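*Asks:* Coordinates in final-v9.txt, compact mmCIF, C-alpha atoms, are listed below.
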```txt
# COMPACT_ATOMS: atom_id res chain seq x y z
CA MET A 1 0.00 0.00 0.00
CA LEU A 2 1.37 3.39 -0.96
CA MET A 3 0.92 5.84 1.92
CA THR A 4 1.35 9.52 1.26
CA ALA A 5 1.59 12.50 3.57
CA THR A 6 -1.54 13.82 1.85
CA PHE A 7 -3.49 10.73 2.89
CA LEU A 8 -2.40 11.07 6.51
CA LYS A 9 -3.16 14.82 6.43
CA HIS A 10 -6.88 14.01 6.00
CA PHE A 11 -6.92 12.67 9.56
CA ASP A 12 -5.26 15.67 11.23
CA SER A 13 -8.63 17.26 11.96
CA ILE A 14 -9.93 14.30 14.00
CA ALA A 15 -10.38 15.42 17.60
CA GLU A 16 -8.28 13.65 20.23
CA PRO A 17 -10.73 11.72 22.45
CA ARG A 18 -8.29 11.02 25.31
CA ILE A 19 -7.22 13.08 28.29
CA GLU A 20 -3.56 14.15 28.41
CA ARG A 21 -2.33 11.49 30.86
CA CYS A 22 -3.76 8.71 28.67
CA LYS A 23 -1.81 9.54 25.50
CA LYS A 24 1.03 7.03 25.46
CA HIS A 25 0.46 6.29 21.75
CA ASN A 26 0.02 8.96 19.08
CA LEU A 27 -3.55 9.21 17.74
CA LEU A 28 -2.49 9.44 14.08
CA GLU A 29 -0.33 6.34 14.53
CA ILE A 30 -3.29 4.39 15.93
CA ILE A 31 -5.46 5.53 13.02
CA LEU A 32 -2.76 4.63 10.47
CA LEU A 33 -2.33 1.21 12.09
CA ALA A 34 -6.06 0.50 12.17
CA ILE A 35 -6.77 1.61 8.60
CA SER A 36 -3.75 -0.22 7.18
CA ALA A 37 -4.56 -3.41 9.07
CA VAL A 38 -8.23 -3.44 8.08
CA MET A 39 -7.38 -2.71 4.44
CA SER A 40 -4.99 -5.67 4.61
CA GLY A 41 -7.66 -8.04 5.88
CA SER A 42 -7.51 -7.74 9.67
CA GLU A 43 -10.87 -8.53 11.21
CA GLY A 44 -10.60 -7.57 14.87
CA TRP A 45 -8.63 -5.63 17.46
CA GLU A 46 -6.16 -8.46 18.08
CA ASP A 47 -5.61 -8.85 14.32
CA ILE A 48 -4.85 -5.12 14.11
CA GLU A 49 -2.29 -5.39 16.92
CA ASN A 50 -0.70 -8.46 15.28
CA PHE A 51 -0.55 -6.63 11.94
CA GLY A 52 1.30 -3.81 13.68
CA HIS A 53 3.95 -6.15 15.05
CA LEU A 54 4.35 -7.94 11.72
CA LYS A 55 4.48 -4.75 9.63
CA LEU A 56 6.32 -2.47 12.05
CA ASP A 57 9.13 -1.78 9.58
CA TRP A 58 6.60 -0.59 7.00
CA LEU A 59 4.69 1.49 9.56
CA LEU A 60 7.94 3.15 10.68
CA GLN A 61 8.39 4.50 7.16
CA HIS A 62 5.30 6.67 7.73
CA ARG A 63 5.22 7.46 11.48
CA PRO A 64 7.75 7.13 14.32
CA PHE A 65 5.74 4.80 16.64
CA LYS A 66 7.99 5.90 19.55
CA ALA A 67 5.84 3.99 22.07
CA GLY A 68 5.72 0.90 19.85
CA ILE A 69 2.56 -0.86 18.74
CA PRO A 70 -0.37 -0.33 21.13
CA ARG A 71 -2.13 -3.33 22.63
CA HIS A 72 -5.42 -4.39 21.07
CA ASP A 73 -7.48 -3.10 24.01
CA THR A 74 -5.87 0.34 23.63
CA ILE A 75 -6.56 0.37 19.88
CA ALA A 76 -10.20 -0.57 20.49
CA ARG A 77 -10.69 2.01 23.25
CA VAL A 78 -9.25 4.86 21.17
CA ILE A 79 -10.98 4.01 17.88
CA CYS A 80 -14.34 3.51 19.61
CA ARG A 81 -14.08 6.96 21.23
CA LEU A 82 -13.49 8.82 17.97
CA LYS A 83 -16.33 11.13 17.05
CA ALA A 84 -15.57 11.47 13.35
CA ASP A 85 -18.34 12.98 11.22
CA GLU A 86 -18.98 10.22 8.68
CA LYS A 87 -20.52 12.64 6.16
CA GLU A 88 -17.28 14.66 6.12
CA ILE A 89 -15.24 11.49 5.65
CA ALA A 90 -17.54 10.47 2.78
CA LYS A 91 -17.00 13.88 1.13
CA LEU A 92 -13.21 13.44 1.35
CA ILE A 93 -13.40 9.96 -0.13
CA VAL A 94 -15.60 11.06 -3.04
CA LYS A 95 -13.34 14.07 -3.64
CA GLN A 96 -10.46 11.60 -4.12
CA LYS A 97 -12.63 9.81 -6.73
CA ALA A 98 -13.01 6.69 -4.59
CA ASP A 99 -15.97 4.72 -3.27
CA TYR A 100 -16.97 4.09 0.32
CA ILE A 101 -19.04 1.81 2.49
CA LEU A 102 -19.72 2.97 6.03
CA ALA A 103 -21.46 0.96 8.74
CA LEU A 104 -24.88 2.21 9.77
CA LYS A 105 -24.90 2.33 13.56
CA GLY A 106 -27.36 3.32 16.24
CA HIS A 107 -26.24 6.96 16.30
CA HIS A 108 -27.87 7.27 12.87
CA SER A 109 -31.21 6.08 14.21
CA GLY A 110 -33.28 8.24 11.85
CA LEU A 111 -31.56 6.91 8.73
CA GLN A 112 -31.60 3.40 10.15
CA GLY A 113 -35.36 3.68 10.74
CA GLU A 114 -36.00 4.90 7.19
CA LEU A 115 -33.93 2.09 5.69
CA GLU A 116 -35.63 -0.52 7.88
CA ALA A 117 -39.01 0.82 6.71
CA TRP A 118 -37.85 0.57 3.07
CA TRP A 119 -36.64 -3.01 3.68
CA HIS A 120 -40.02 -4.03 5.16
CA LYS A 121 -41.87 -2.32 2.28
CA CYS A 122 -39.82 -4.27 -0.28
CA GLN A 123 -40.28 -7.46 1.73
CA ARG A 124 -44.09 -6.98 1.81
CA GLU A 125 -44.24 -6.21 -1.91
CA GLY A 126 -41.86 -9.03 -2.75
CA PHE A 127 -38.17 -8.85 -3.56
CA THR A 128 -37.26 -9.10 -7.23
CA ALA A 129 -34.04 -9.62 -9.16
CA ASP A 130 -34.18 -5.88 -9.94
CA ASN A 131 -34.16 -4.71 -6.31
CA PHE A 132 -32.59 -7.51 -4.28
CA ASP A 133 -29.40 -9.58 -4.26
CA GLU A 134 -27.87 -11.97 -1.76
CA HIS A 135 -24.40 -13.47 -1.38
CA THR A 136 -23.43 -16.21 1.07
CA THR A 137 -19.98 -17.59 1.89
CA ILE A 138 -19.04 -20.44 4.17
CA ASP A 139 -15.56 -20.43 5.66
CA SER A 140 -13.71 -22.45 8.24
CA GLY A 141 -10.91 -21.30 10.46
CA HIS A 142 -10.04 -20.69 14.10
CA GLY A 143 -11.75 -24.00 14.93
CA ARG A 144 -15.19 -23.02 13.68
CA ILE A 145 -17.33 -22.80 10.57
CA GLU A 146 -18.56 -19.31 9.69
CA THR A 147 -21.47 -18.52 7.41
CA ARG A 148 -21.57 -14.95 6.15
CA ARG A 149 -24.66 -13.66 4.39
CA CYS A 150 -24.87 -10.28 2.72
CA GLN A 151 -28.27 -9.10 1.57
CA GLN A 152 -28.62 -6.02 -0.58
CA VAL A 153 -31.76 -4.15 -1.43
CA LEU A 154 -31.64 -1.18 -3.77
CA VAL A 155 -33.09 1.93 -2.15
CA ASN A 156 -35.26 4.44 -3.94
CA LYS A 157 -33.43 7.61 -2.88
CA SER A 158 -36.63 9.65 -3.16
CA TRP A 159 -37.89 7.55 -0.21
CA LEU A 160 -35.18 9.06 2.00
CA ASN A 161 -35.53 12.41 3.70
CA ASN A 162 -33.07 14.96 2.22
CA LYS A 163 -31.12 15.13 5.49
CA TYR A 164 -30.10 11.50 4.88
CA GLN A 165 -28.74 12.13 1.38
CA TRP A 166 -24.98 11.55 1.64
CA VAL A 167 -22.39 12.66 -0.90
CA GLY A 168 -21.85 9.84 -3.35
CA LEU A 169 -24.99 7.92 -2.28
CA LYS A 170 -25.86 5.74 -5.25
CA SER A 171 -28.75 3.54 -6.23
CA HIS A 172 -30.17 2.24 -9.50
CA TYR A 173 -33.40 4.17 -8.98
```
Here is the file; what I need is its structure written in the form of structure tokens.

*Replies:*
Amino acid sequence: MLMTATFLKHFDSIAEPRIERCKKHNLLEIILLAISAVMSGSEGWEDIENFGHLKLDWLLQHRPFKAGIPRHDTIARVICRLKADEKEIAKLIVKQKADYILALKGHHSGLQGELEAWWHKCQREGFTADNFDEHTTIDSGHGRIETRRCQQVLVNKSWLNNKYQWVGLKSHY
């Protein structure tokens, strides 16, 4: 992965969520570690920490990591406390001519409610090949079998209130 100073600069405006005495690891380093690890396939906090140890030489090319790689519980605590404005992040991503997928969480309860209503409407009226798709994978590893199911329903954007219209929001409608 090619990492540029311009890429890292996009994260300078993220507010530090920790108090002064709890800043052993640099915030930008934690963000760089987390993004790089997830983009490389890490799936959890421990995976992110392990990625950091395995790729420390590469990470040191971009940031000093004077305190070393943070433990997975530290990474989780810091990332979970970030209050990034997802709409602003989406604007930056689209400006760079890239695509994005962001998780819809409880703090977007209005949007979540509208999308759940749309889902139930489509379910009542019957899903079709034009508005619904599903993909399932079955994997084994870590001593267990995992089934992952992704269901996609195309959303009529006119159904959504204007305040929920994000930059780059796309649909076939």

*Asks:* A:Glu29, A:Ile19, A:Cys150, A:Asp85: which is nearest Gln61 in chain A, counting only C-alpha atoms?

*Replies:*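 That would be A:Glu29, the residue with the smallest distance to Gln61 in chain A.
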
*Asks:* Would you list the contacts of Asp12 in chain A as a CSV table (one decimal) with C-alpha atoms, keeping the file's coordinate frame, taking every protein, DNA or RNA residue within 12 Å and counting only C-alpha atoms, but skipping same-chain residues closer than 2 positions in sequence?

*Replies:*
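Saved the output as part27.csv:
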```csv
chain,number,residue,atom,x,y,z
A,5,ALA,CA,1.6,12.5,3.6
A,6,THR,CA,-1.5,13.8,1.8
A,7,PHE,CA,-3.5,10.7,2.9
A,8,LEU,CA,-2.4,11.1,6.5
A,9,LYS,CA,-3.2,14.8,6.4
A,10,HIS,CA,-6.9,14.0,6.0
A,14,ILE,CA,-9.9,14.3,14.0
A,15,ALA,CA,-10.4,15.4,17.6
A,16,GLU,CA,-8.3,13.6,20.2
A,26,ASN,CA,0.0,9.0,19.1
A,27,LEU,CA,-3.6,9.2,17.7
A,28,LEU,CA,-2.5,9.4,14.1
A,29,GLU,CA,-0.3,6.3,14.5
A,31,ILE,CA,-5.5,5.5,13.0
A,32,LEU,CA,-2.8,4.6,10.5
A,84,ALA,CA,-15.6,11.5,13.4
```

*Asks:* Take CA of Lys163 in chain A and CA of Ala98 in chain A and report the distance between them in Å, one decimal.

*Replies:*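 If I compute the distance from CA of Lys163 in chain A to CA of Ala98 in chain A, I get 22.4 Å.
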
*Asks:* For each of A:Tyr164, A:Asp139, A:Lys121, A:Ile75, take the minimum atom-to-atom distance to His108 in chain A, counting all atoms listed in the file, then give the residue where this is smallest.

*Replies:*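 Closest to His108 in chain A of all the choices is A:Tyr164.
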
*Asks:* So which residues fall inside 12 Å of (4.8, -4.1, 9.1) if we count only C-alpha atoms? Mind giving them as an NGL selection string?

*Replies:* :A and (1 or 32-33 or 36-37 or 40 or 48-63 or 65 or 68-69)

*Asks:* Nearest to Gly113 in chain A: which of A:Asn161, A:Thr136, A:Thr74, A:Gln152 is it, counting only C-alpha atoms?

*Replies:*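 So, comparing all the options, the nearest one is A:Asn161.
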
*Asks:* If you measure from CA of Phe11 in chain A to CA of Gln96 in chain A, what distance in Å do you get, rounded to one decimal?

*Replies:*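 These atoms are spaced 14.2 Å apart.
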
*Asks:* Rank A:Pro17, A:Ile93, A:Val155, A:Glu146 by their smallest atom-to-atom distance to Cys122 in chain A, using only C-alpha atoms, and report the top residue only.

*Replies:*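 That would be A:Val155, the residue with the smallest distance to Cys122 in chain A.
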
*Asks:* At what distance in Å, to one decimal, does CA of Trp118 in chain A lie from CA of Leu160 in chain A?

*Replies:*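 Computing the Euclidean distance for CA of Leu160 in chain A and CA of Trp118 in chain A yields 9.0 Å.
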
*Asks:* Counting only C-alpha atoms, find the residues whose atoms lie at most 8 Å from (-10.9, -8.7, 21.2) (file coordinates) and write them out as an MDAnalysis selection string.

*Replies:* chainID A and resid 44:46 72:73

*Asks:* Find the residue from A:Ile30, A:Ser158, A:Val78, A:Lys95 that sits nearest to Leu115 in chain A; use all atoms listed in the file when measuring.

*Replies:* A:Ser158

*Asks:* May I ask which of the residues A:Gly141, A:Glu125, A:Trp119, A:Gly41 is the closest one to Leu154 in chain A, counting only C-alpha atoms?

*Replies:* A:Trp119

*Asks:* Rebuild range 18-34 of chain A so that it carries N, CA and C atoms, then output the result as a PDB file, in the coordinates of the input.

*Replies:*
```
ATOM      1  N   ARG A  18      -8.867  11.410  24.010  1.00  0.00           N
ATOM      2  CA  ARG A  18      -8.290  11.020  25.310  1.00  0.00           C
ATOM      3  C   ARG A  18      -7.836  12.228  26.110  1.00  0.00           C
ATOM      4  N   ILE A  19      -7.777  12.039  27.434  1.00  0.00           N
ATOM      5  CA  ILE A  19      -7.220  13.080  28.290  1.00  0.00           C
ATOM      6  C   ILE A  19      -5.695  12.985  28.223  1.00  0.00           C
ATOM      7  N   GLU A  20      -5.022  14.038  28.597  1.00  0.00           N
ATOM      8  CA  GLU A  20      -3.560  14.150  28.410  1.00  0.00           C
ATOM      9  C   GLU A  20      -2.773  12.984  29.013  1.00  0.00           C
ATOM     10  N   ARG A  21      -3.118  12.543  30.208  1.00  0.00           N
ATOM     11  CA  ARG A  21      -2.330  11.490  30.860  1.00  0.00           C
ATOM     12  C   ARG A  21      -2.525  10.112  30.227  1.00  0.00           C
ATOM     13  N   CYS A  22      -3.474   9.998  29.303  1.00  0.00           N
ATOM     14  CA  CYS A  22      -3.760   8.710  28.670  1.00  0.00           C
ATOM     15  C   CYS A  22      -3.267   8.644  27.222  1.00  0.00           C
ATOM     16  N   LYS A  23      -2.266   9.448  26.884  1.00  0.00           N
ATOM     17  CA  LYS A  23      -1.810   9.540  25.500  1.00  0.00           C
ATOM     18  C   LYS A  23      -0.432   8.923  25.298  1.00  0.00           C
ATOM     19  N   LYS A  24      -0.261   7.688  25.656  1.00  0.00           N
ATOM     20  CA  LYS A  24       1.030   7.030  25.460  1.00  0.00           C
ATOM     21  C   LYS A  24       1.329   6.866  23.963  1.00  0.00           C
ATOM     22  N   HIS A  25       0.312   6.507  23.189  1.00  0.00           N
ATOM     23  CA  HIS A  25       0.460   6.290  21.750  1.00  0.00           C
ATOM     24  C   HIS A  25      -0.158   7.447  20.980  1.00  0.00           C
ATOM     25  N   ASN A  26       0.480   7.856  19.922  1.00  0.00           N
ATOM     26  CA  ASN A  26       0.020   8.960  19.080  1.00  0.00           C
ATOM     27  C   ASN A  26      -1.270   8.571  18.357  1.00  0.00           C
ATOM     28  N   LEU A  27      -2.253   9.475  18.359  1.00  0.00           N
ATOM     29  CA  LEU A  27      -3.550   9.210  17.740  1.00  0.00           C
ATOM     30  C   LEU A  27      -3.408   8.878  16.251  1.00  0.00           C
ATOM     31  N   LEU A  28      -2.645   9.665  15.516  1.00  0.00           N
ATOM     32  CA  LEU A  28      -2.490   9.440  14.080  1.00  0.00           C
ATOM     33  C   LEU A  28      -1.849   8.077  13.810  1.00  0.00           C
ATOM     34  N   GLU A  29      -0.952   7.649  14.688  1.00  0.00           N
ATOM     35  CA  GLU A  29      -0.330   6.340  14.530  1.00  0.00           C
ATOM     36  C   GLU A  29      -1.354   5.217  14.733  1.00  0.00           C
ATOM     37  N   ILE A  30      -2.246   5.393  15.697  1.00  0.00           N
ATOM     38  CA  ILE A  30      -3.290   4.390  15.930  1.00  0.00           C
ATOM     39  C   ILE A  30      -4.230   4.329  14.733  1.00  0.00           C
ATOM     40  N   ILE A  31      -4.587   5.486  14.191  1.00  0.00           N
ATOM     41  CA  ILE A  31      -5.460   5.530  13.020  1.00  0.00           C
ATOM     42  C   ILE A  31      -4.779   4.880  11.820  1.00  0.00           C
ATOM     43  N   LEU A  32      -3.515   5.228  11.573  1.00  0.00           N
ATOM     44  CA  LEU A  32      -2.760   4.630  10.470  1.00  0.00           C
ATOM     45  C   LEU A  32      -2.706   3.108  10.631  1.00  0.00           C
ATOM     46  N   LEU A  33      -2.401   2.642  11.821  1.00  0.00           N
ATOM     47  CA  LEU A  33      -2.330   1.210  12.090  1.00  0.00           C
ATOM     48  C   LEU A  33      -3.668   0.541  11.807  1.00  0.00           C
ATOM     49  N   ALA A  34      -4.746   1.104  12.328  1.00  0.00           N
ATOM     50  CA  ALA A  34      -6.060   0.500  12.170  1.00  0.00           C
ATOM     51  C   ALA A  34      -6.502   0.453  10.712  1.00  0.00           C
TER      52      ALA A  34
END
```
